[in-house]
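Okay, protein-v2.txt now, which holds compact mmCIF, C-alpha atoms and all ligand atoms:
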# COMPACT_ATOMS: atom_id res chain seq x y z
CA MET Q 152 -2.39 6.27 -4.44
CA SER Q 153 -5.72 5.33 -6.04
CA THR Q 154 -8.26 3.71 -3.71
CA ALA Q 155 -10.17 1.78 -6.37
CA PRO Q 156 -9.76 -1.96 -5.69
CA SER Q 157 -8.85 -4.13 -8.64
CA THR Q 158 -7.68 -7.68 -9.15
CA PHE Q 159 -4.00 -7.94 -9.83
CA CYS Q 160 -3.23 -9.47 -13.21
CA ARG Q 161 0.47 -8.87 -13.83
CA SER Q 162 1.39 -12.23 -12.34
CA SER Q 163 0.04 -15.71 -11.93
CA VAL Q 164 -0.66 -15.07 -8.23
CA PRO Q 165 -4.45 -15.43 -8.10
CA VAL Q 166 -5.02 -14.01 -4.66
CA VAL Q 167 -3.54 -10.52 -4.90
CA GLU Q 168 -5.69 -7.39 -5.26
CA GLU Q 169 -4.52 -3.80 -5.61
CA HIS Q 170 -5.43 -0.67 -3.63
CA VAL Q 171 -7.68 -2.27 -1.02
CA ALA Q 172 -8.93 0.16 1.63
CA LEU Q 173 -7.81 -0.89 5.11
CA SER Q 174 -9.89 1.56 7.18
CA ARG Q 175 -12.95 -0.69 7.01
CA PHE Q 176 -10.81 -3.51 8.39
CA THR Q 177 -9.15 -1.82 11.37
CA THR Q 178 -11.01 -1.81 14.67
CA ILE Q 179 -10.23 1.92 15.11
CA GLY Q 180 -11.68 2.54 11.64
CA THR Q 181 -8.83 4.63 10.22
CA GLY Q 182 -6.12 4.09 7.61
CA GLY Q 183 -5.50 4.23 3.87
CA PRO Q 184 -5.24 1.45 1.29
CA ALA Q 185 -2.84 -1.44 0.95
CA HIS Q 186 -0.84 -1.27 -2.28
CA PHE Q 187 -1.34 -5.01 -2.67
CA PHE Q 188 -3.67 -7.19 -0.64
CA ALA Q 189 -3.62 -10.99 -0.60
CA ARG Q 190 -5.79 -13.64 1.01
CA PRO Q 191 -3.85 -16.91 0.76
CA LYS Q 192 -5.82 -20.00 1.82
CA THR Q 193 -2.99 -22.52 2.05
CA VAL Q 194 0.70 -22.51 2.95
CA ALA Q 195 1.49 -23.04 -0.75
CA GLU Q 196 -0.52 -19.95 -1.70
CA LEU Q 197 1.09 -17.98 1.12
CA GLN Q 198 4.54 -18.90 -0.18
CA GLU Q 199 3.44 -17.84 -3.67
CA VAL Q 200 2.41 -14.43 -2.28
CA LEU Q 201 5.66 -14.04 -0.34
CA ALA Q 202 7.68 -14.91 -3.45
CA PHE Q 203 5.63 -12.35 -5.39
CA ALA Q 204 6.43 -9.68 -2.75
CA ALA Q 205 10.12 -10.56 -2.86
CA GLY Q 206 10.05 -10.35 -6.65
CA GLU Q 207 8.44 -6.90 -6.52
CA GLY Q 208 10.89 -5.78 -3.83
CA LEU Q 209 7.99 -4.95 -1.50
CA PRO Q 210 7.76 -5.57 2.25
CA VAL Q 211 5.13 -7.97 3.60
CA ALA Q 212 2.73 -7.11 6.40
CA ALA Q 213 0.49 -9.84 7.76
CA ILE Q 214 -2.69 -8.65 9.41
CA GLY Q 215 -5.19 -10.50 11.56
CA LEU Q 216 -8.37 -8.89 12.87
CA ARG Q 217 -6.58 -5.47 12.85
CA SER Q 218 -7.36 -4.92 16.52
CA ASN Q 219 -3.90 -3.60 17.33
CA LEU Q 220 -3.13 -1.63 14.19
CA LEU Q 221 -2.74 2.02 13.22
CA VAL Q 222 -2.43 2.31 9.44
CA HIS Q 223 -1.09 5.47 7.77
CA ASP Q 224 -3.86 7.58 6.21
CA ASP Q 225 -2.09 7.49 2.83
CA GLY Q 226 -1.87 3.71 2.94
CA VAL Q 227 0.85 1.11 2.95
CA ASP Q 228 3.35 0.46 0.19
CA ALA Q 229 3.52 -3.26 0.94
CA VAL Q 230 1.89 -6.58 0.24
CA VAL Q 231 -0.65 -6.88 3.05
CA VAL Q 232 -1.51 -10.52 3.78
CA LYS Q 233 -4.71 -11.67 5.43
CA LEU Q 234 -4.82 -15.41 6.00
CA ALA Q 235 -8.01 -17.14 4.82
CA GLY Q 236 -9.39 -20.63 4.13
CA GLU Q 237 -7.63 -23.41 6.02
CA LEU Q 238 -5.15 -20.83 7.38
CA ALA Q 239 -8.03 -19.25 9.31
CA GLU Q 240 -9.66 -22.41 10.67
CA ALA Q 241 -9.30 -24.20 14.02
CA ARG Q 242 -9.68 -27.81 15.10
CA ILE Q 243 -9.03 -29.99 18.12
CA GLU Q 244 -6.65 -32.96 18.12
CA ASP Q 245 -6.85 -34.83 21.43
CA THR Q 246 -6.11 -32.03 23.94
CA THR Q 247 -4.36 -29.78 21.43
CA LEU Q 248 -5.95 -26.79 19.72
CA VAL Q 249 -4.57 -26.52 16.18
CA ALA Q 250 -5.36 -23.12 14.69
CA GLY Q 251 -4.47 -21.39 11.44
CA GLY Q 252 -2.66 -18.12 11.99
CA GLY Q 253 -5.74 -16.26 10.78
CA ALA Q 254 -8.19 -18.07 13.08
CA PRO Q 255 -10.06 -15.65 15.36
CA ASN Q 256 -9.53 -16.24 19.08
CA ALA Q 257 -13.30 -16.40 19.58
CA VAL Q 258 -13.57 -19.32 17.13
CA CYS Q 259 -10.70 -21.10 18.92
CA LEU Q 260 -12.40 -20.71 22.26
CA HIS Q 261 -15.63 -22.05 20.78
CA ARG Q 262 -13.85 -25.17 19.45
CA ALA Q 263 -12.12 -25.70 22.81
CA ARG Q 264 -15.35 -25.34 24.76
CA GLU Q 265 -17.19 -27.77 22.46
CA ALA Q 266 -14.41 -30.31 23.02
CA GLY Q 267 -14.43 -29.84 26.81
CA LEU Q 268 -11.03 -28.16 26.95
CA GLY Q 269 -9.97 -25.21 29.07
CA GLY Q 270 -6.92 -22.96 29.16
CA PHE Q 271 -7.80 -20.57 26.35
CA GLU Q 272 -10.50 -18.58 28.18
CA PHE Q 273 -8.09 -15.70 28.87
CA ALA Q 274 -7.99 -15.00 25.12
CA SER Q 275 -11.74 -14.93 24.57
CA ALA Q 276 -12.02 -11.14 24.94
CA ILE Q 277 -8.85 -10.35 22.98
CA PRO Q 278 -10.42 -9.47 19.63
CA GLY Q 279 -7.64 -10.84 17.43
CA THR Q 280 -6.31 -13.93 15.68
CA VAL Q 281 -3.85 -16.50 16.93
CA GLY Q 282 -1.19 -15.23 14.50
CA GLY Q 283 -1.59 -11.67 15.75
CA GLY Q 284 -1.45 -13.13 19.25
CA VAL Q 285 1.97 -14.66 18.55
CA MET Q 286 3.33 -11.42 17.10
CA MET Q 287 2.14 -9.53 20.18
CA ASN Q 288 2.54 -12.34 22.72
CA ALA Q 289 -1.00 -11.24 23.59
CA GLY Q 290 -2.25 -11.82 27.08
CA ALA Q 291 -4.78 -10.98 29.72
CA TYR Q 292 -5.40 -11.71 33.38
CA GLY Q 293 -1.91 -13.09 33.97
CA VAL Q 294 -1.76 -15.53 31.02
CA GLU Q 295 0.07 -14.92 27.73
CA TRP Q 296 0.33 -16.75 24.41
CA ARG Q 297 3.72 -18.21 25.33
CA ASP Q 298 2.21 -19.89 28.41
CA VAL Q 299 -0.13 -22.12 26.39
CA MET Q 300 1.63 -22.50 23.02
CA VAL Q 301 3.24 -25.73 21.89
CA ASP Q 302 4.72 -24.26 18.72
CA ALA Q 303 4.02 -22.13 15.66
CA VAL Q 304 4.52 -22.66 11.94
CA VAL Q 305 6.44 -19.65 10.62
CA VAL Q 306 6.58 -19.06 6.88
CA ASP Q 307 8.83 -16.69 4.97
CA ALA Q 308 9.77 -16.36 1.32
CA VAL Q 309 12.18 -19.32 1.46
CA SER Q 310 11.16 -21.60 4.33
CA VAL Q 311 8.41 -23.18 6.44
CA ARG Q 312 9.54 -23.82 10.03
CA ARG Q 313 7.88 -25.23 13.13
CA VAL Q 314 9.19 -23.15 16.04
CA PRO Q 315 8.68 -23.67 19.80
CA PRO Q 316 7.83 -20.62 21.97
CA ALA Q 317 11.45 -20.38 23.16
CA GLY Q 318 12.52 -19.78 19.55
CA LEU Q 319 10.05 -16.95 18.99
CA GLY Q 320 11.56 -14.41 21.39
CA LEU Q 321 8.28 -13.84 23.23
CA SER Q 322 8.12 -11.32 26.07
CA TYR Q 323 5.60 -8.73 27.28
CA ARG Q 324 3.61 -7.75 24.13
CA HIS Q 325 6.62 -8.54 21.97
CA SER Q 326 7.96 -11.27 19.73
CA GLY Q 327 11.21 -11.68 17.86
CA LEU Q 328 9.43 -12.43 14.56
CA ALA Q 329 11.33 -10.79 11.71
CA PRO Q 330 9.69 -8.58 9.06
CA GLY Q 331 8.19 -10.80 6.37
CA GLU Q 332 7.67 -13.80 8.68
CA VAL Q 333 4.07 -14.96 8.80
CA VAL Q 334 2.58 -17.24 11.45
CA ALA Q 335 0.56 -19.78 9.49
CA GLU Q 336 -0.43 -22.17 12.31
CA VAL Q 337 -0.26 -22.34 16.09
CA ARG Q 338 -0.72 -25.32 18.42
CA PHE Q 339 -1.92 -24.76 21.97
CA GLN Q 340 -1.85 -27.30 24.80
CA LEU Q 341 -5.19 -27.25 26.62
CA VAL Q 342 -6.57 -29.18 29.58
CA PRO Q 343 -9.85 -31.05 30.09
CA SER Q 344 -12.58 -28.83 31.51
CA ALA Q 345 -16.37 -29.05 31.36
CA PRO Q 346 -17.93 -26.86 28.64
CA GLU Q 347 -20.07 -25.01 31.20
CA THR Q 348 -16.95 -24.26 33.28
CA VAL Q 349 -15.16 -22.87 30.22
CA LYS Q 350 -18.21 -20.79 29.32
CA ALA Q 351 -18.58 -19.40 32.86
CA LYS Q 352 -14.89 -18.46 33.10
CA ALA Q 353 -14.91 -16.69 29.73
CA ALA Q 354 -18.08 -14.81 30.69
CA GLU Q 355 -16.56 -13.74 33.99
CA LEU Q 356 -13.42 -12.38 32.29
CA LEU Q 357 -15.52 -10.55 29.71
CA ALA Q 358 -17.62 -8.93 32.44
CA ARG Q 359 -14.45 -7.78 34.24
CA ARG Q 360 -13.24 -6.22 31.00
CA LYS Q 361 -16.52 -4.48 30.27
CA ALA Q 362 -16.44 -2.91 33.73
CA THR Q 363 -13.20 -1.02 33.05
CA GLN Q 364 -12.64 -0.71 29.28
CA PRO Q 365 -14.50 1.01 26.40
CA THR Q 366 -15.44 -2.31 24.80
CA ASN Q 367 -18.35 -0.76 22.86
CA LYS Q 368 -16.20 1.91 21.14
CA ARG Q 369 -13.85 1.81 18.12
CA THR Q 370 -10.34 1.47 19.56
CA PHE Q 371 -7.12 -0.47 18.89
CA GLY Q 372 -6.82 -1.78 22.43
CA SER Q 373 -4.03 -0.59 24.71
CA VAL Q 374 -2.18 2.36 23.19
CA PHE Q 375 1.00 2.10 25.28
CA LYS Q 376 2.74 -0.76 27.08
CA ASN Q 377 2.79 -0.55 30.84
CA PRO Q 378 6.18 0.53 32.21
CA ASP Q 379 8.17 -2.22 33.95
CA ASP Q 380 7.61 -0.68 37.40
CA GLY Q 381 5.13 1.67 38.98
CA PRO Q 382 1.73 2.79 37.72
CA GLY Q 383 0.31 1.51 34.44
CA ALA Q 384 0.18 3.62 31.27
CA GLY Q 385 -3.52 4.37 31.77
CA ARG Q 386 -2.96 5.73 35.27
CA LEU Q 387 -0.03 7.88 34.11
CA ILE Q 388 -2.08 9.43 31.29
CA GLU Q 389 -5.09 9.91 33.55
CA GLU Q 390 -2.95 11.69 36.14
CA CYS Q 391 -1.98 14.21 33.43
CA GLY Q 392 -5.67 15.12 33.21
CA LEU Q 393 -6.03 13.73 29.71
CA LYS Q 394 -9.16 11.59 30.04
CA GLY Q 395 -11.63 12.97 27.47
CA TYR Q 396 -8.92 15.03 25.70
CA ALA Q 397 -9.40 15.01 21.92
CA ILE Q 398 -7.52 15.87 18.75
CA GLY Q 399 -9.74 15.85 15.66
CA GLY Q 400 -11.94 12.77 15.91
CA ALA Q 401 -9.58 10.89 18.24
CA LEU Q 402 -10.43 10.92 21.94
CA ILE Q 403 -8.60 9.63 25.02
CA SER Q 404 -11.23 7.34 26.43
CA PRO Q 405 -13.10 8.80 29.39
CA ARG Q 406 -13.42 5.19 30.60
CA HIS Q 407 -9.76 4.09 30.43
CA ALA Q 408 -6.98 6.54 29.54
CA ASN Q 409 -4.83 3.93 27.78
CA PHE Q 410 -7.44 3.64 25.02
CA ILE Q 411 -8.04 6.03 22.12
CA GLU Q 412 -11.60 6.06 20.80
CA ASN Q 413 -12.64 7.02 17.30
CA ALA Q 414 -15.30 9.49 18.36
CA GLY Q 415 -16.32 10.08 14.73
CA GLY Q 416 -14.29 10.89 11.64
CA ALA Q 417 -10.92 10.24 13.29
CA THR Q 418 -7.87 9.84 11.09
CA SER Q 419 -4.71 7.96 11.90
CA ALA Q 420 -2.95 11.35 11.99
CA ASP Q 421 -5.36 12.40 14.77
CA CYS Q 422 -4.57 9.23 16.73
CA LEU Q 423 -0.83 9.70 16.27
CA ALA Q 424 -1.00 13.36 17.36
CA LEU Q 425 -2.97 12.33 20.45
CA MET Q 426 -0.45 9.62 21.27
CA ALA Q 427 2.40 12.11 20.88
CA GLU Q 428 0.67 14.59 23.20
CA ALA Q 429 -0.05 11.97 25.88
CA ARG Q 430 3.50 10.68 25.70
CA ARG Q 431 4.98 14.19 25.92
CA ARG Q 432 2.79 15.13 28.91
CA VAL Q 433 3.61 11.92 30.79
CA HIS Q 434 7.31 12.44 30.09
CA ASP Q 435 7.19 16.09 31.24
CA ALA Q 436 5.38 15.09 34.44
CA THR Q 437 7.26 11.91 35.37
CA GLY Q 438 10.32 11.44 33.13
CA ILE Q 439 8.83 8.13 31.93
CA GLU Q 440 9.03 7.38 28.20
CA LEU Q 441 5.94 5.42 27.21
CA ARG Q 442 6.45 2.84 24.45
CA HIS Q 443 3.57 2.19 22.10
CA GLU Q 444 1.90 -1.22 22.10
CA VAL Q 445 -0.22 -0.53 19.01
CA ARG Q 446 1.58 -1.57 15.83
CA PHE Q 447 2.15 0.94 13.03
CA LEU Q 448 1.63 0.08 9.36
CA GLY Q 449 3.09 2.57 6.92
CA PRO Q 450 5.39 5.53 7.64
CA LEU Q 451 4.04 6.48 11.09
CA VAL Q 452 6.53 7.72 13.68
CA LEU Q 453 6.09 9.31 17.09
CA PRO Q 454 8.20 12.45 17.59
CA SER Q 455 11.17 11.93 19.88
CA LEU Q 456 10.87 13.33 23.39
C1 LIG Q 501 -11.12 -3.75 22.73
C2 LIG Q 501 -9.75 -4.36 22.64
C3 LIG Q 501 -9.24 -5.06 23.70
C4 LIG Q 501 -7.95 -5.63 23.64
N1 LIG Q 501 -7.48 -6.31 24.72
C5 LIG Q 501 -6.27 -6.89 24.66
C6 LIG Q 501 -5.76 -7.66 25.77
O1 LIG Q 501 -6.40 -7.82 26.80
N2 LIG Q 501 -4.52 -8.22 25.66
C7 LIG Q 501 -3.78 -8.07 24.52
O2 LIG Q 501 -2.67 -8.62 24.47
N3 LIG Q 501 -4.22 -7.36 23.48
C8 LIG Q 501 -5.44 -6.77 23.51
N4 LIG Q 501 -5.90 -6.05 22.45
C9 LIG Q 501 -5.02 -5.85 21.26
C10 LIG Q 501 -5.18 -6.90 20.17
O3 LIG Q 501 -6.47 -7.47 20.19
C11 LIG Q 501 -4.13 -8.00 20.31
O4 LIG Q 501 -2.82 -7.48 20.19
C12 LIG Q 501 -4.32 -9.11 19.26
O5 LIG Q 501 -3.49 -10.19 19.56
C13 LIG Q 501 -4.04 -8.62 17.86
O6 LIG Q 501 -4.42 -9.64 16.97
P1 LIG Q 501 -4.87 -9.31 15.51
O7 LIG Q 501 -5.14 -10.57 14.81
O8 LIG Q 501 -6.01 -8.33 15.51
O9 LIG Q 501 -3.56 -8.63 14.95
P2 LIG Q 501 -3.43 -7.28 14.11
O10 LIG Q 501 -3.91 -6.13 14.94
O11 LIG Q 501 -4.06 -7.46 12.77
O12 LIG Q 501 -1.85 -7.19 13.95
C14 LIG Q 501 -1.07 -6.97 15.09
C15 LIG Q 501 0.40 -7.30 14.76
O13 LIG Q 501 0.50 -8.69 14.47
C16 LIG Q 501 1.02 -8.90 13.17
N5 LIG Q 501 0.34 -10.09 12.66
C17 LIG Q 501 -0.99 -10.32 12.57
N6 LIG Q 501 -1.21 -11.56 12.10
C18 LIG Q 501 0.01 -12.11 11.87
C19 LIG Q 501 0.44 -13.38 11.39
N7 LIG Q 501 -0.42 -14.35 11.02
N8 LIG Q 501 1.77 -13.60 11.28
C20 LIG Q 501 2.67 -12.66 11.65
N9 LIG Q 501 2.32 -11.45 12.11
C21 LIG Q 501 1.00 -11.19 12.23
C22 LIG Q 501 0.70 -7.62 12.41
O14 LIG Q 501 1.60 -7.40 11.34
C23 LIG Q 501 0.89 -6.58 13.51
O15 LIG Q 501 2.26 -6.28 13.69
C24 LIG Q 501 -7.18 -5.48 22.47
C25 LIG Q 501 -7.71 -4.78 21.37
C26 LIG Q 501 -8.97 -4.22 21.46
C27 LIG Q 501 -9.52 -3.48 20.26
Could you write out this file's structure as structure tokens?
Ligand SMILES: Cc1cc2nc3c(=O)[nH]c(=O)nc-3n(C[C@H](O)[C@H](O)[C@H](O)COP(=O)(O)OP(=O)(O)OC[C@H]3O[C@@H](n4cnc5c(N)ncnc54)[C@H](O)[C@@H]3O)c2cc1C
Amino acid sequence: MSTAPSTFCRSSVPVVEEHVALSRFTTIGTGGPAHFFARPKTVAELQEVLAFAAGEGLPVAAIGLRSNLLVHDDGVDAVVVKLAGELAEARIEDTTLVAGGGAPNAVCLHRAREAGLGGFEFASAIPGTVGGGVMMNAGAYGVEWRDVMVDAVVVDAVSVRRVPPAGLGLSYRHSGLAPGEVVAEVRFQLVPSAPETVKAKAAELLARRKATQPTNKRTFGSVFKNPDDGPGAGRLIEECGLKGYAIGGALISPRHANFIENAGGATSADCLALMAEARRRVHDATGIELRHEVRFLGPLVLPSL
């Protein structure tokens, strides 16, 4: 697949480009190009892009801030959608935060703080968007997306639906969103709180995170989900002696074993091989099958145990 970006001109869809490199977009800094890349700014444009994908017979992959993504080194044969314009903005209505699916969590927190609203501080150090947060039911420090959401606007090739959390199948780092469904807007119910209180709480949570995680390195966040019972994934990997273990440019973080760092020149294949090795070692030592939290884009598969 060529990596030279170009504007798509076979259709009337004005927002689709071809062969856009994704490595510069992912927080781990790896991955090949998207076959087609679109930046719709309105629901109407998003529907146009989804109809285009359906017409081409291509799958759709929405991306947010790419903080939980491992993209195949050869790229993705799909229409990759990154929400922009009004679909990436956030505003306050009374005590409700109304955010486009592409709005960064940090921007949402800023809007909430300005308006004297609390309840979203837990998300301030999750480096993603609200749409990515729905897909992952993202959470930290005991609060998850589903706890504060009112509803989400879900768009696919044929419909635009407003769906409450109960209809989204949200559980630990999981949603029931189907392939091709894009979260275009999310409403969150917040509560009055003084701006300085919101700021202090967010700062405290960020400091806690910095004390235990490699926040200054290129990673994709937690590699594996924590098992339902017993020690967390990081502890299990650490107990296999894998902290600091590397394959190619991918390194199991010496700071927290459930993170993979791009130590320089890592490829997605390096990351995948490292994940496979950690998973195999944990399984050999404990019988536990770790499930990956990071989302794969393109034909990436972990070997079976
Ligand atoms: C340093 C670091 C710390 C992190 N800490 C946490 C944490 O504490 N808690 C936590 O839960 N996560 C954490 N993460 C992981 C990640 O930030 C979250 O999963 C985040 O919600 C992903 O959002 P995103 O916009 O970057 O999504 P992406 O990584 O771009 O995509 C993730 C998934 O969401 C889908 N998606 C994205 N946008 C949309 C949309 N609009 N509609 C439908 N599907 C969409 C993608 O297709 C993909 O399947 C961390 C990551 C890093 C790098």
Neighbourhood of ligand LIG 501 (chain Q) at 6 Å, counting only C-alpha atoms and all ligand atoms, reported as a PyMOL selection string: chain Q and resi 212-220+252-253+277-280+282-284+286-287+289-291+332-335+366+370-372+446
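Separating atom CA of Q:Pro191 from atom CA of Q:Leu234 is a distance of 5.5 Å.
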Which centre and which edge lengths, in Å to one decimal, describe the axis-aligned box that holds all listed atoms of stretch 195-198 of chain Q after 8 Å is added on each side, as lines of an AutoDock Vina configuration file?
center_x = 2.0
center_y = -20.5
center_z = -0.3
size_x = 21.1
size_y = 21.1
size_z = 18.8
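Candidate residues Q:Leu387, Q:Ala408, Q:Leu341, Q:Ile439 were compared for distance to Q:Thr363, and the nearest is Q:Ala408, using all atoms listed in the file.
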So which one's closest to Q:Ala427, Q:Glu295, Q:Glu440, Q:Glu272, Q:Glu347? Using all atoms listed in the file, please. Q:Glu440
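Nearest-residue note for Q:Arg175: choosing from Q:Leu357, Q:Ile398, Q:Ala205, Q:Val222, the minimum distance belongs to Q:Val222, counting only C-alpha atoms.
Put simply, atom CA of Q:Val349 is 27.5 Å away from atom CA of Q:Arg369.
For the choices Q:Gly449, Q:Asn409, Q:Thr418, Q:Phe176, the atom-to-atom distance to Q:Val374 is smallest for Q:Asn409 when using all atoms listed in the file.
Candidate residues Q:Gly327, Q:Val249, Q:Val258, Q:Gly399 were compared for distance to Q:Val301, and the nearest is Q:Val249, using all atoms listed in the file.
The residue that comes closest to Q:Val304, out of Q:Val337, Q:Leu328, Q:Met426, Q:Ala266 and on the basis of all atoms listed in the file, is Q:Val337.
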Shell of 6 Å around Q:Ser344, all atoms listed in the file, local chain residues under 6 positions omitted, as an MDAnalysis selection string: chainID Q and resid 267:269
Neighbour residues at most 6 Å from (-3.6, -7.4, -4.4) (only C-alpha atoms) as a ChimeraX atom specification: /Q:159,167-169,187-189
Please, could you write that set of residues out with C-alpha atoms as a PDB file, in the coordinates of the input?
ATOM      1  CA  PHE Q 159      -4.000  -7.940  -9.830  1.00  0.00           C
ATOM      2  CA  VAL Q 167      -3.540 -10.520  -4.900  1.00  0.00           C
ATOM      3  CA  GLU Q 168      -5.690  -7.390  -5.260  1.00  0.00           C
ATOM      4  CA  GLU Q 169      -4.520  -3.800  -5.610  1.00  0.00           C
ATOM      5  CA  PHE Q 187      -1.340  -5.010  -2.670  1.00  0.00           C
ATOM      6  CA  PHE Q 188      -3.670  -7.190  -0.640  1.00  0.00           C
ATOM      7  CA  ALA Q 189      -3.620 -10.990  -0.600  1.00  0.00           C
TER       8      ALA Q 189
END
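Here atom CA of Q:Val445 and atom CA of Q:Leu221 stand 6.8 Å from one another.
Excluding stretch 242-247 of chain Q itself and same-chain residues fewer than 5 positions from it, the residues having an atom within 8 Å of it are Cys259, Arg262, Ala263, Ala266, Leu268, Arg338, Phe339, Gln340, Leu341, Val342 and Pro343 of chain Q, counting all atoms listed in the file.
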Please determine the residues with any atom at most 12 Å from (-7.2, -20.3, 3.8) (coordinates as given in the file, with all atoms listed in the file counting) and report them as a PyMOL selection string. chain Q and resi 166+189-197+232-241+250-254+335-336
Write a file of the selected residues as an mmCIF file, in the frame of the given file, keeping C-alpha atoms.
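Listed below is the output, result.cif:
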data_model
loop_
_atom_site.group_PDB
_atom_site.id
_atom_site.type_symbol
_atom_site.label_atom_id
_atom_site.label_comp_id
_atom_site.auth_asym_id
_atom_site.auth_seq_id
_atom_site.Cartn_x
_atom_site.Cartn_y
_atom_site.Cartn_z
ATOM 1 C CA VAL Q 166 -5.020 -14.010 -4.660
ATOM 2 C CA ALA Q 189 -3.620 -10.990 -0.600
ATOM 3 C CA ARG Q 190 -5.790 -13.640 1.010
ATOM 4 C CA PRO Q 191 -3.850 -16.910 0.760
ATOM 5 C CA LYS Q 192 -5.820 -20.000 1.820
ATOM 6 C CA THR Q 193 -2.990 -22.520 2.050
ATOM 7 C CA VAL Q 194 0.700 -22.510 2.950
ATOM 8 C CA ALA Q 195 1.490 -23.040 -0.750
ATOM 9 C CA GLU Q 196 -0.520 -19.950 -1.700
ATOM 10 C CA LEU Q 197 1.090 -17.980 1.120
ATOM 11 C CA VAL Q 232 -1.510 -10.520 3.780
ATOM 12 C CA LYS Q 233 -4.710 -11.670 5.430
ATOM 13 C CA LEU Q 234 -4.820 -15.410 6.000
ATOM 14 C CA ALA Q 235 -8.010 -17.140 4.820
ATOM 15 C CA GLY Q 236 -9.390 -20.630 4.130
ATOM 16 C CA GLU Q 237 -7.630 -23.410 6.020
ATOM 17 C CA LEU Q 238 -5.150 -20.830 7.380
ATOM 18 C CA ALA Q 239 -8.030 -19.250 9.310
ATOM 19 C CA GLU Q 240 -9.660 -22.410 10.670
ATOM 20 C CA ALA Q 241 -9.300 -24.200 14.020
ATOM 21 C CA ALA Q 250 -5.360 -23.120 14.690
ATOM 22 C CA GLY Q 251 -4.470 -21.390 11.440
ATOM 23 C CA GLY Q 252 -2.660 -18.120 11.990
ATOM 24 C CA GLY Q 253 -5.740 -16.260 10.780
ATOM 25 C CA ALA Q 254 -8.190 -18.070 13.080
ATOM 26 C CA ALA Q 335 0.560 -19.780 9.490
ATOM 27 C CA GLU Q 336 -0.430 -22.170 12.310
#
Would you list the contacts of Q:Phe410 as a PyMOL selection string, taking every protein, DNA or RNA residue within 12 Å and counting only C-alpha atoms, but skipping same-chain residues closer than 4 positions in sequence? chain Q and resi 179+219+363-376+384-386+388-389+393-397+401-406+414+422+425-426+429+443-445
